[in-house]
Every structure is written in C-alpha cells, then in structure tokens.
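The structure appears below as structure tokens.
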Amino acid sequence: MAPTDELEYLKSLVAQLNEKIHALEARAKPIAQGPKSPAQQLRTILIGPPGSGKGTQAPRIRDEFCVCHLATGDMLREQIAQKTELGRQAKKVMDAGGLVSDDIMVGMIKDQLENNTTCKNGFVLDGFPRTIPQAEKLDAMLDSRKEKLDSVIQLQIDDQLLISRITGRLIHLASGRTYHKEFNPPKKPFTDDVTGEPLIQRSDDNVETLTKRLTTFHKQTGPVVDYYRQKGLWTPIDAAQSPNVVWENLAKVFKKTDS
C-alpha cells in the first residue's frame with residue numbers, strides 16, 4: 001500500500017472512531033451524574049425506632065441527593081464539643097439534669113441549614129421531631145426560610161424483630177456506619193470495612209433497655225405521625241425488608257415528591 005493510500009485509510013479509521021465516540025458520549029449524557037439541580041432538592045424526615053434502618057438509609061439519601069444528614073444527637077454533641085453559644089446553652093441544661101429545649105434543638109437545625117454548605121440541596125432529618133410542639137417549631141423555622149418539607153417517611157417494623165436486630169448491632173463511631181453480627185457482618189470481625197478501625201456495641205443495646213425505649217418511642221411518635229399524615233406528607237415503608245428493597249421504596253417516594 002502506497003504511503004498516501006495508507007494515510008487516507010488511517011484518516012478514515014480515525015473519522016469512524018470519532019463518530020463512534022460522539023455517539024457513545026451522546027448516549028451516556030442522560031445518565032451522567034452531574035451536580036444536583038434545585039428540582040432535585042430534597043427535604044425529608046425519617047421516623048423510625050432504633051434499629052429500623054435509619055442509620056443505613058439516611059447516609060444513602062445524603063449521598064444520592066447531595067443533601068446533609070442531620071441527626072440531632074450528633075448535632076448536639078458537635079455543638080457542645082465546639083463550645084458554640086447553642087452548645088453552651090444545651091450543656092448548661094444537661095448538666096442540671098434537664099432536657100434540651102425545643103428552641104435550642106430547632107436553633108441547631110437552623111444553624112446547620114444556614115452554615116453547612118452540604119445542606120444547600122436540602123436535608124434528611126433523623127431523630128427529630130419527636131413531639132407535635134417540636135414539629136410545629138420546625139415548620140415555623142422552615143417557613144421563615146421560605147422552605148417546606150417534601151416528605152415524612154416512617155420505617156415500620158415489628159418490635160421483636162427490632163430487638164433481634166439491635167442486640168447484634170455494631171457501630172463505627174466516627175462515621176456512624178452500622179453493621180450486624182448476623183445480618184450485615186463486617187468483612188473482618190469487629191472492624192470497620194472502610195477505615196479498619198474497631199467497631200463497638202452500645203451498652204444500651206440490650207433487651208430490657210430496648211423494650212423501654214420502644215415503649216417510649218411508640219408513645220411519642222403516634223401523635224407526630226398523625227400530625228404529618230394530616231398534612232399529606234406521611235408515607236409508611238416496611239423496614240423488615242432487605243435494605244436494598246427499602247431503598248427502592250424510598251426512591252419511589254422521593255421521585256413522586258420531585259415530580
């Protein structure tokens with residue numbers, strides 16, 4: 001083959017390859033994961049007893065929708081550790097044996113929404129509200145920001161199944177990742193898969209303590225669920241299913257609220 005013919009042949013090959021590349025790029029664009037747009041913002045609350053899977057699903061919601069995960073217990077510890085004004089107020093109350101006020105808790109959530117850049121696309125709220133006054137104060141705070149909740153999801157599961165789940169639960173404290181000795185064991189016993197750091201079992205993860213916590217949870221949560229049901233925001237999901245099936249059902253709810 002003459003040099004000029006070979007050159008033309010190679011040019012035609014390059015042209016064909018470029019056409020294929022452009023076609024594949026065009027086909028891939030619709031499924032490309034770019035930054036989340038405002039239309040994909042999400043403001044949701046997860047309600048569920050300890051062990052219902054909030055610790056598994058909330059981080060997945062956070063990562064999928066690029067929102068912040070606001071767990072009130074974590075926020076409280078963080079504010080106290082950082083010695084913020086809200087943290088100092090909370091510590092003073094706690095040191096005196098009292099319960100942190102609803103105003104302080106809502107103030108902490110507001111502080112996160114205003115100052116935490118990961119909250120710009122919305123949030124998943126975990127562990128709050130637990131009473132109707134808390135729900136009302138949360139609504140008022142969101143109204144002041146011209147925002148509103150998209151959904152409130154209740155993870156439902158039988159108490160006896162919960163107890164068997166929780167008594168085998170292992171936790172990585174730094175990240176909040178959870179494992180289970182039987183249902184979702186780490187690759188190496190009592191060791192976090194990601195960091196290699198040790199996992200712990202909470203001292204209150206025992207049958208007697210759990211039974212009391214569940215009784216309190218049901219007593220508190222019933223009125224809150226009714227409050228959001230009347231607003232048309234509440235959706236129940238069977239949390240006894242596998243985590244992936246629960247996630248699929250959550251995604252369906254979020255798709256509806258996004259449309």
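Following the order of the structure tokens, chains are lettered A, B, ..., residues in each are numbered from 1, and ligands are numbered from 1.
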
Please, which residues of segment 87-258 of chain A, numbered as in this document, come out strand (DSSP E or B) from DSSP, as a PDB file with N, CA and C atoms, in the first residue's frame?
ATOM      1  N   GLY A 122     -30.768  20.607  50.412  1.00  0.00           N
ATOM      2  CA  GLY A 122     -31.791  20.059  51.287  1.00  0.00           C
ATOM      3  C   GLY A 122     -31.197  19.222  52.400  1.00  0.00           C
ATOM      4  N   PHE A 123     -32.052  18.409  53.027  1.00  0.00           N
ATOM      5  CA  PHE A 123     -31.596  17.653  54.191  1.00  0.00           C
ATOM      6  C   PHE A 123     -32.455  16.412  54.412  1.00  0.00           C
ATOM      7  N   VAL A 124     -31.881  15.465  55.138  1.00  0.00           N
ATOM      8  CA  VAL A 124     -32.641  14.347  55.691  1.00  0.00           C
ATOM      9  C   VAL A 124     -32.488  14.456  57.204  1.00  0.00           C
ATOM     10  N   LEU A 125     -33.613  14.620  57.888  1.00  0.00           N
ATOM     11  CA  LEU A 125     -33.620  14.849  59.333  1.00  0.00           C
ATOM     12  C   LEU A 125     -33.935  13.540  60.047  1.00  0.00           C
ATOM     13  N   ASP A 126     -33.094  13.216  61.026  1.00  0.00           N
ATOM     14  CA  ASP A 126     -33.158  11.909  61.680  1.00  0.00           C
ATOM     15  C   ASP A 126     -33.193  12.127  63.198  1.00  0.00           C
ATOM     16  N   SER A 151     -41.447  15.372  52.352  1.00  0.00           N
ATOM     17  CA  SER A 151     -41.972  14.068  52.752  1.00  0.00           C
ATOM     18  C   SER A 151     -41.557  13.743  54.175  1.00  0.00           C
ATOM     19  N   VAL A 152     -42.355  12.869  54.795  1.00  0.00           N
ATOM     20  CA  VAL A 152     -42.035  12.329  56.116  1.00  0.00           C
ATOM     21  C   VAL A 152     -42.231  10.817  56.000  1.00  0.00           C
ATOM     22  N   ILE A 153     -41.162  10.076  56.190  1.00  0.00           N
ATOM     23  CA  ILE A 153     -41.219   8.628  55.960  1.00  0.00           C
ATOM     24  C   ILE A 153     -41.051   7.882  57.277  1.00  0.00           C
ATOM     25  N   GLN A 154     -41.993   6.992  57.533  1.00  0.00           N
ATOM     26  CA  GLN A 154     -41.933   6.177  58.743  1.00  0.00           C
ATOM     27  C   GLN A 154     -41.475   4.768  58.382  1.00  0.00           C
ATOM     28  N   LEU A 155     -40.348   4.354  58.948  1.00  0.00           N
ATOM     29  CA  LEU A 155     -39.851   2.987  58.758  1.00  0.00           C
ATOM     30  C   LEU A 155     -40.499   2.105  59.817  1.00  0.00           C
ATOM     31  N   GLN A 156     -41.375   1.211  59.367  1.00  0.00           N
ATOM     32  CA  GLN A 156     -42.163   0.389  60.292  1.00  0.00           C
ATOM     33  C   GLN A 156     -41.603  -1.023  60.375  1.00  0.00           C
ATOM     34  N   ARG A 169     -26.128  -5.416  66.819  1.00  0.00           N
ATOM     35  CA  ARG A 169     -25.646  -4.253  66.064  1.00  0.00           C
ATOM     36  C   ARG A 169     -24.227  -3.836  66.471  1.00  0.00           C
ATOM     37  N   LEU A 170     -23.420  -3.485  65.467  1.00  0.00           N
ATOM     38  CA  LEU A 170     -22.063  -2.976  65.683  1.00  0.00           C
ATOM     39  C   LEU A 170     -21.964  -1.607  65.010  1.00  0.00           C
ATOM     40  N   ILE A 171     -21.275  -0.672  65.656  1.00  0.00           N
ATOM     41  CA  ILE A 171     -21.241   0.707  65.167  1.00  0.00           C
ATOM     42  C   ILE A 171     -19.813   1.211  65.039  1.00  0.00           C
ATOM     43  N   THR A 178     -23.147   1.359  60.389  1.00  0.00           N
ATOM     44  CA  THR A 178     -23.625   0.282  61.243  1.00  0.00           C
ATOM     45  C   THR A 178     -23.488  -1.068  60.542  1.00  0.00           C
ATOM     46  N   TYR A 179     -23.228  -2.079  61.330  1.00  0.00           N
ATOM     47  CA  TYR A 179     -23.122  -3.465  60.853  1.00  0.00           C
ATOM     48  C   TYR A 179     -23.989  -4.325  61.773  1.00  0.00           C
ATOM     49  N   HIS A 180     -24.107  -5.599  61.431  1.00  0.00           N
ATOM     50  CA  HIS A 180     -24.815  -6.539  62.290  1.00  0.00           C
ATOM     51  C   HIS A 180     -24.056  -7.859  62.285  1.00  0.00           C
ATOM     52  N   ASN A 184     -25.547  -8.326  58.643  1.00  0.00           N
ATOM     53  CA  ASN A 184     -24.676  -7.481  57.818  1.00  0.00           C
ATOM     54  C   ASN A 184     -23.296  -7.381  58.467  1.00  0.00           C
ATOM     55  N   LYS A 188     -14.116  -8.163  58.400  1.00  0.00           N
ATOM     56  CA  LYS A 188     -13.274  -8.669  59.483  1.00  0.00           C
ATOM     57  C   LYS A 188     -14.009  -8.406  60.791  1.00  0.00           C
ATOM     58  N   THR A 191     -14.464  -4.923  62.975  1.00  0.00           N
ATOM     59  CA  THR A 191     -13.574  -3.967  62.304  1.00  0.00           C
ATOM     60  C   THR A 191     -14.321  -3.275  61.165  1.00  0.00           C
ATOM     61  N   PRO A 198     -11.768  -0.082  64.994  1.00  0.00           N
ATOM     62  CA  PRO A 198     -12.634  -1.016  65.725  1.00  0.00           C
ATOM     63  C   PRO A 198     -14.092  -0.574  65.761  1.00  0.00           C
ATOM     64  N   ILE A 200     -17.876  -0.878  67.831  1.00  0.00           N
ATOM     65  CA  ILE A 200     -18.317  -1.063  69.209  1.00  0.00           C
ATOM     66  C   ILE A 200     -19.765  -1.539  69.241  1.00  0.00           C
ATOM     67  N   TRP A 234     -46.966  12.124  55.059  1.00  0.00           N
ATOM     68  CA  TRP A 234     -46.518  10.863  55.674  1.00  0.00           C
ATOM     69  C   TRP A 234     -46.634   9.682  54.715  1.00  0.00           C
ATOM     70  N   THR A 235     -45.587   8.863  54.685  1.00  0.00           N
ATOM     71  CA  THR A 235     -45.595   7.609  53.927  1.00  0.00           C
ATOM     72  C   THR A 235     -44.974   6.515  54.786  1.00  0.00           C
ATOM     73  N   PRO A 236     -45.680   5.391  54.991  1.00  0.00           N
ATOM     74  CA  PRO A 236     -45.074   4.272  55.732  1.00  0.00           C
ATOM     75  C   PRO A 236     -44.321   3.346  54.786  1.00  0.00           C
ATOM     76  N   ILE A 237     -43.215   2.779  55.264  1.00  0.00           N
ATOM     77  CA  ILE A 237     -42.446   1.802  54.483  1.00  0.00           C
ATOM     78  C   ILE A 237     -42.101   0.629  55.391  1.00  0.00           C
ATOM     79  N   ASP A 238     -42.273  -0.579  54.866  1.00  0.00           N
ATOM     80  CA  ASP A 238     -41.967  -1.794  55.618  1.00  0.00           C
ATOM     81  C   ASP A 238     -40.452  -1.945  55.731  1.00  0.00           C
TER      82      ASP A 238
END

Which residue of A:Ser175, A:Asn244, A:Gln16, A:Gln41 approaches Asp192 of chain A most closely, using only C-alpha atoms: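 Nearest to Asp192 of chain A: A:Ser175.
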
Could you check which of A:Asp150, A:Phe128, A:Thr56, A:Glu64 is closest to Arg43 of chain A, using only C-alpha atoms?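 The answer is A:Asp150, which sits nearest to Arg43 of chain A.
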
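Close contacts of Thr167 of chain A, defined as residues with an atom at most 12 Å away when counting only C-alpha atoms, with chain neighbours fewer than 6 positions off set aside, comprise A:Pro50, A:Gly51, A:Gln160, A:Leu161, A:Tyr179, A:His180, A:Lys181, A:Glu182, A:Phe183, A:Ile200, A:Gln201, A:Arg202, A:Ser203, A:Asp204, A:Asp205, A:Asn206, A:Val207, A:Glu208, A:Thr209, A:Leu210, A:Thr211.
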
Apply DSSP to the structure's backbone, then extract all residues of segment 39-221 of chain A labelled alpha helix (DSSP H) and return them as an MDAnalysis selection string. chainID A and resid 54:65 72:81 85:95 102:115 132:144 159:166 207:221
